[in-house]
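Accompanying notes for the structure given below.
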Amino acid sequence: MSRLLVFYIVSGLAFMLLPGTFLGVWNLIHISSRHAADSISAPWIQAHGHAQFFGWIGSFILGIGFYSIPSVRTKFAISRGWLCAVMWVTGVALRWVTNVYLWQWRVMLPISAVLELSAFLIFFRAVSQHEANADEEGKKKLDPWVWIVVVGTLGFLSSLVMNLGASIYLSVRGADPAFPFEFDQRFLVMCAWGFLVPFVWGFSTKWLPTFLGLKTTNIELLTVAVAVNTLGVLTAQFGYFRLATVLLLHGVLFAALALRMFEPARQPAKTKGVHPSFPYFVRSAYAWLIVAAALGIWAAQTQQAAGIWGASRHALTVGFIAVMVFSIGQRVLPAFSGMKLLFSPRMMFSALSLLSIGCILRVSSEILSYQEISTLAWKVLPVSAVLELTGVTLFALNLILTFMRRPAHLQKEQASTTWPAAKLAHKESQRGI
């Protein structure tokens with residue numbers, strides 16, 4: 001299972017670095033040099049987004065999901081995990097190549113979508129076999145955080161179904177493999193707010209009270225937050241973006257209050273094996289989520305709002321999702337990959353710092369440049385992209401070097417100190433599963 005998890009994570013890192021971040025930086029440099037947001041073809045931009053949403057985050061979720069389910073720890077079940085991995089990576093890679101090079105795209109676009117959806121269905125069949133925990137009365141029921149992850153899983157499925165439907169339509173009637181603008185807006189809301197956000201909220205409910213020492217989560221209020229967020233996503237699918245963005249902001253605020261993200265901790269955070277700044281970056285991620293929702297309201301009220309929409313999505317995907325993945329991923333993945341310790345906590349801090357600074361510059365300069373408020377902001381855009389690319393590279397390098405290390409208990413020279421720390425980190429991570 002550890003090998004399977006590492007394959008998913010390394011595949012996700014590859015998509016994050018090359019088709020995702022590097023192509024995004026390349027696109028941004030061209031846009032800033034021409035002072036025009038529409039100077040890059042839509043298929044290229046969507047190839048970048050697909051690699052980030054599904055290639056990076058999707059691979060991480062599938063890998064952690066398979067690893068987390070005790071019922072899939074048989075040879076047959078693990079073989080299904082490998083089949084899912086091969087189909088998923090092939091589908092996402094084929095989609096990227098199709099959008100960038102337009103090679104036989106009328107055939108390859110739907111094939112890539114079928115592979116992705118089929119891989120997800122294999123995963124969904126596996127996770128559906130997960131048994132609920134028994135309560136004090138002996139009755140089996142799912143933990144609250146699991147229900148929230150189920151909502152995210154349904155959003156994941158909905159995104160892939162929408163992707164398949166649009167791919168088939170374009171293969172028959174489209175002029176290129178790019179989704180039409182109006183559909184793409186709805187699709188992005190489903191991917192970001194219907195899929196990614198509930199997933200993060202679910203795992204935040206389980207992990208953050210332990211890792212950050214937070215007070216007990218208000219499950220009732222968090223349930224309201226998930227319901228309001230879901231209603232916002234559904235409203236956006238019918239084109240009512242003004243109402244949808246208001247609902248999404250309220251859902252975010254309810255979630256932050258329910259998770260008690262900005263309240264004083266009840267006990268010290270558990271930072272052994274990671275950088276001590278870990279709790280601050282997690283809280284900053286939720287601050288970015290509020291910023292993303294607020295910018296969405298502004299964009300929905302403005303007629304020409306390409307820069308504001310872009311800034312809102314970047315605040316969500318980089319400020320919230322990427323910072324959470326950089327923080328939590330480097331906290332739990334070393335233990336999951338074979339009882340190892342993170343290679344370098346300092347590298348973790350550098351990656352998060354560069355990513356956060358780059359996100360600040362990107363969100364602000366995208367509004368100022370795209371909305372024609374300041375021409376100087378066009379020069380800041382490439383700087384923000386390079387900072388984020390450097391942070392992403394450090395994150396990937398830190399995890400890869402971690403995976404290459406021997407398990408902590410086999411490092412004789414550190415046996416008296418590292419093994420207890422790794423064992424503790426593994427137990428704490430397993431509690432979240």
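Residue numbering restarts at 1 in every chain; chains get A, B, ... in the order shown in the structure tokens, and ligands count up from 1 in that same order.
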- Message: Using DSSP assignments from the backbone, pull out every residue in segment 87-319 of chain A that falls under strand (DSSP E) and give it to me as number ranges by chain.
- Response: A: 133-134, 140-141
- Query: Do you know which residues are at most 8 Å from Leu249 of chain A counting only C-alpha atoms, after dropping those on the same chain fewer than 2 positions away, and could you put them as number ranges by chain?
  - Reply: A: 245-247, 251-253, 290, 293-294
- Within 10 Å of Leu154 of chain A using only C-alpha atoms, minus same-chain residues under 6 positions, as a list in words: Phe124, Leu160, Gly194, Phe195 and Pro198 of chain A
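Minimum atom-to-atom distance to Asn99 of chain A, evaluated using only C-alpha atoms, belongs to A:Trp44 out of A:Trp44, A:Trp82, A:Tyr67, A:Phe187.
Proximity ranking of A:Ser32, A:Ser41, A:Ser2, A:Thr21 relative to Ser369 of chain A places A:Ser32 first, based on only C-alpha atoms.
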- Show which residues sit within 7 Å of segment 355-368 of chain A, as a list of chain:residue names. Count only C-alpha atoms, and ignore same-chain residues fewer than 2 positions away.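 After dropping sequence-adjacent residues, the list is A:Gly307, A:Ile308, A:Ala311, A:His314, A:Ala315, A:Val318, A:Gly319, A:Ala351, A:Leu352, A:Ser353, A:Tyr370, A:Gln371, A:Glu372, A:Ile373, A:Ser374, A:Ala377, A:Trp378, A:Val380, A:Leu381, A:Ser384, A:Ala385, A:Leu387, A:Glu388, A:Gly391.
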Convert the current residue selection to file output with N, CA and C atoms, as a JSON list (two decimals), in the first residue's frame.
```json
[["chain", "number", "residue", "atom", "x", "y", "z"],
["A", 307, "GLY", "N", -10.02, 39.64, -14.64],
["A", 307, "GLY", "CA", -8.96, 39.67, -13.64],
["A", 307, "GLY", "C", -9.44, 39.29, -12.26],
["A", 308, "ILE", "N", -10.65, 39.71, -11.91],
["A", 308, "ILE", "CA", -11.19, 39.42, -10.58],
["A", 308, "ILE", "C", -11.54, 37.94, -10.46],
["A", 311, "ALA", "N", -8.28, 36.13, -10.12],
["A", 311, "ALA", "CA", -7.71, 36.30, -8.79],
["A", 311, "ALA", "C", -8.46, 35.46, -7.76],
["A", 314, "HIS", "N", -7.39, 31.87, -8.20],
["A", 314, "HIS", "CA", -6.02, 31.66, -7.75],
["A", 314, "HIS", "C", -5.95, 31.67, -6.23],
["A", 315, "ALA", "N", -6.70, 32.56, -5.59],
["A", 315, "ALA", "CA", -6.73, 32.58, -4.13],
["A", 315, "ALA", "C", -7.26, 31.26, -3.58],
["A", 318, "VAL", "N", -4.52, 28.12, -5.12],
["A", 318, "VAL", "CA", -3.15, 28.22, -4.59],
["A", 318, "VAL", "C", -3.16, 28.62, -3.11],
["A", 319, "GLY", "N", -3.86, 29.73, -2.81],
["A", 319, "GLY", "CA", -3.86, 30.21, -1.43],
["A", 319, "GLY", "C", -4.48, 29.22, -0.46],
["A", 351, "ALA", "N", 9.20, 26.42, 1.01],
["A", 351, "ALA", "CA", 8.20, 26.17, -0.03],
["A", 351, "ALA", "C", 6.90, 26.92, 0.29],
["A", 352, "LEU", "N", 6.45, 26.85, 1.53],
["A", 352, "LEU", "CA", 5.22, 27.52, 1.91],
["A", 352, "LEU", "C", 5.37, 29.04, 1.85],
["A", 353, "SER", "N", 6.51, 29.54, 2.24],
["A", 353, "SER", "CA", 6.73, 30.99, 2.21],
["A", 353, "SER", "C", 6.73, 31.52, 0.78],
["A", 370, "TYR", "N", -5.23, 42.99, -15.27],
["A", 370, "TYR", "CA", -6.33, 42.57, -16.13],
["A", 370, "TYR", "C", -7.48, 43.59, -16.15],
["A", 371, "GLN", "N", -7.68, 44.27, -15.01],
["A", 371, "GLN", "CA", -8.76, 45.26, -14.95],
["A", 371, "GLN", "C", -8.29, 46.65, -15.41],
["A", 372, "GLU", "N", -7.06, 46.72, -15.94],
["A", 372, "GLU", "CA", -6.48, 47.95, -16.49],
["A", 372, "GLU", "C", -6.42, 49.07, -15.45],
["A", 373, "ILE", "N", -6.05, 48.69, -14.23],
["A", 373, "ILE", "CA", -5.88, 49.69, -13.17],
["A", 373, "ILE", "C", -4.44, 50.17, -13.11],
["A", 374, "SER", "N", -3.48, 49.28, -13.36],
["A", 374, "SER", "CA", -2.07, 49.64, -13.31],
["A", 374, "SER", "C", -1.29, 48.83, -14.33],
["A", 377, "ALA", "N", 1.62, 46.46, -12.91],
["A", 377, "ALA", "CA", 1.28, 45.13, -12.38],
["A", 377, "ALA", "C", 1.59, 44.02, -13.39],
["A", 378, "TRP", "N", 1.62, 44.34, -14.69],
["A", 378, "TRP", "CA", 1.95, 43.32, -15.68],
["A", 378, "TRP", "C", 3.35, 42.77, -15.45],
["A", 380, "VAL", "N", 4.75, 42.43, -12.56],
["A", 380, "VAL", "CA", 4.77, 41.66, -11.31],
["A", 380, "VAL", "C", 4.28, 40.23, -11.55],
["A", 381, "LEU", "N", 3.42, 40.05, -12.54],
["A", 381, "LEU", "CA", 2.85, 38.72, -12.80],
["A", 381, "LEU", "C", 3.92, 37.64, -13.01],
["A", 384, "SER", "N", 5.59, 36.70, -9.69],
["A", 384, "SER", "CA", 4.75, 35.85, -8.85],
["A", 384, "SER", "C", 4.78, 34.40, -9.33],
["A", 385, "ALA", "N", 4.78, 34.24, -10.64],
["A", 385, "ALA", "CA", 4.78, 32.88, -11.21],
["A", 385, "ALA", "C", 6.07, 32.15, -10.89],
["A", 387, "LEU", "N", 8.11, 32.72, -8.35],
["A", 387, "LEU", "CA", 8.13, 32.42, -6.92],
["A", 387, "LEU", "C", 7.30, 31.17, -6.61],
["A", 388, "GLU", "N", 6.12, 31.09, -7.20],
["A", 388, "GLU", "CA", 5.27, 29.93, -6.95],
["A", 388, "GLU", "C", 5.90, 28.66, -7.53],
["A", 391, "GLY", "N", 8.55, 27.51, -5.16],
["A", 391, "GLY", "CA", 7.95, 26.88, -3.99],
["A", 391, "GLY", "C", 7.43, 25.49, -4.29]]
```
- Item | Proximity to Gln46 of chain A - best of A:Gly213, A:Gly24, A:Gly65, A:Pro110, only C-alpha atoms |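 Counting only C-alpha atoms, the residue closest to Gln46 of chain A is A:Gly24.
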- Query: Could you name the residues that touch Gly202 of chain A at 6 Å or less, counting only C-alpha atoms, but leaving out those on the same chain fewer than 6 positions away, as a ChimeraX atom specification?
  - Reply: /A:145,148-149
Go ahead and write the residues just picked, N, CA and C atoms, as a short mmCIF file (atom, residue, chain, number, x, y, z; two decimals), in the first residue's frame.
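Output below, filename again_2.cif:
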```cif
data_model
loop_
_atom_site.label_atom_id
_atom_site.label_comp_id
_atom_site.auth_asym_id
_atom_site.auth_seq_id
_atom_site.Cartn_x
_atom_site.Cartn_y
_atom_site.Cartn_z
N TRP A 145 -16.98 13.58 9.75
CA TRP A 145 -16.03 14.01 8.73
C TRP A 145 -16.14 13.16 7.46
N ILE A 148 -18.79 14.48 5.14
CA ILE A 148 -18.34 15.66 4.40
C ILE A 148 -17.48 15.23 3.22
N VAL A 149 -16.61 14.24 3.43
CA VAL A 149 -15.79 13.72 2.34
C VAL A 149 -16.66 13.07 1.28
#
```
- Query: Of the residues A:Ala300, A:Leu376, A:Leu214, A:Ala47, which is the one nearest to Phe262 of chain A, using only C-alpha atoms?
  - Reply: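 Of A:Ala300, A:Leu376, A:Leu214, A:Ala47, the one nearest Phe262 of chain A, counting only C-alpha atoms, is A:Leu214.
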- Item | For Cys84 of chain A, the nearest of the candidates A:Phe278, A:Phe123, A:Trp96, A:Phe403, counting only C-alpha atoms | A:Phe123
- Could you please determine the separation between atom CA of Gly20 of chain A and atom CA of Leu394 of chain A in Å, to one decimal place?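 So the two atoms, atom CA of Gly20 of chain A and atom CA of Leu394 of chain A, lie 15.1 Å apart.
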Residues within 9 Å of Leu257 of chain A, please, as a short mmCIF file (atom, residue, chain, number, x, y, z; two decimals) with N, CA and C atoms, in the first residue's frame. Count only C-alpha atoms; anything in the same chain fewer than 3 positions from it doesn't count.
```
data_model
loop_
_atom_site.label_atom_id
_atom_site.label_comp_id
_atom_site.auth_asym_id
_atom_site.auth_seq_id
_atom_site.Cartn_x
_atom_site.Cartn_y
_atom_site.Cartn_z
N THR A 217 -14.72 20.63 17.02
CA THR A 217 -15.46 21.19 15.90
C THR A 217 -16.96 21.22 16.18
N ASN A 218 -17.60 22.31 15.79
CA ASN A 218 -19.06 22.43 15.90
C ASN A 218 -19.67 21.72 14.68
N LEU A 221 -22.87 23.28 12.99
CA LEU A 221 -22.59 24.46 12.16
C LEU A 221 -21.84 24.07 10.89
N LEU A 222 -20.94 23.10 11.00
CA LEU A 222 -20.21 22.65 9.81
C LEU A 222 -21.15 21.98 8.81
N VAL A 252 -18.29 29.45 3.57
CA VAL A 252 -16.90 29.56 4.03
C VAL A 252 -16.84 30.12 5.45
N LEU A 253 -17.59 31.17 5.71
CA LEU A 253 -17.57 31.77 7.04
C LEU A 253 -18.10 30.80 8.08
N PHE A 254 -19.17 30.08 7.75
CA PHE A 254 -19.72 29.09 8.68
C PHE A 254 -18.69 27.99 8.96
N ARG A 260 -13.36 26.40 14.16
CA ARG A 260 -12.70 27.24 15.17
C ARG A 260 -11.26 27.57 14.74
N MET A 261 -11.12 27.87 13.42
CA MET A 261 -9.80 28.09 12.85
C MET A 261 -9.08 29.29 13.46
N PHE A 262 -9.83 30.32 13.81
CA PHE A 262 -9.17 31.55 14.26
C PHE A 262 -9.38 31.80 15.76
N GLU A 263 -9.81 30.77 16.47
CA GLU A 263 -9.92 30.86 17.93
C GLU A 263 -8.62 30.38 18.57
#
```
- Which polymer residues have any atom within 12 Å of an atom of Phe349 of chain A, counting only C-alpha atoms, with same-chain residues fewer than 2 positions away left out, as a count of residues only? 28
- Computed gap from atom CA of Gln267 of chain A to atom CA of Thr216 of chain A is 11.5 Å
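The shortest atom-to-atom distance to Pro268 of chain A, with only C-alpha atoms taken into account, belongs to A:Leu208 out of A:Leu208, A:Leu333, A:Leu289, A:Leu231.
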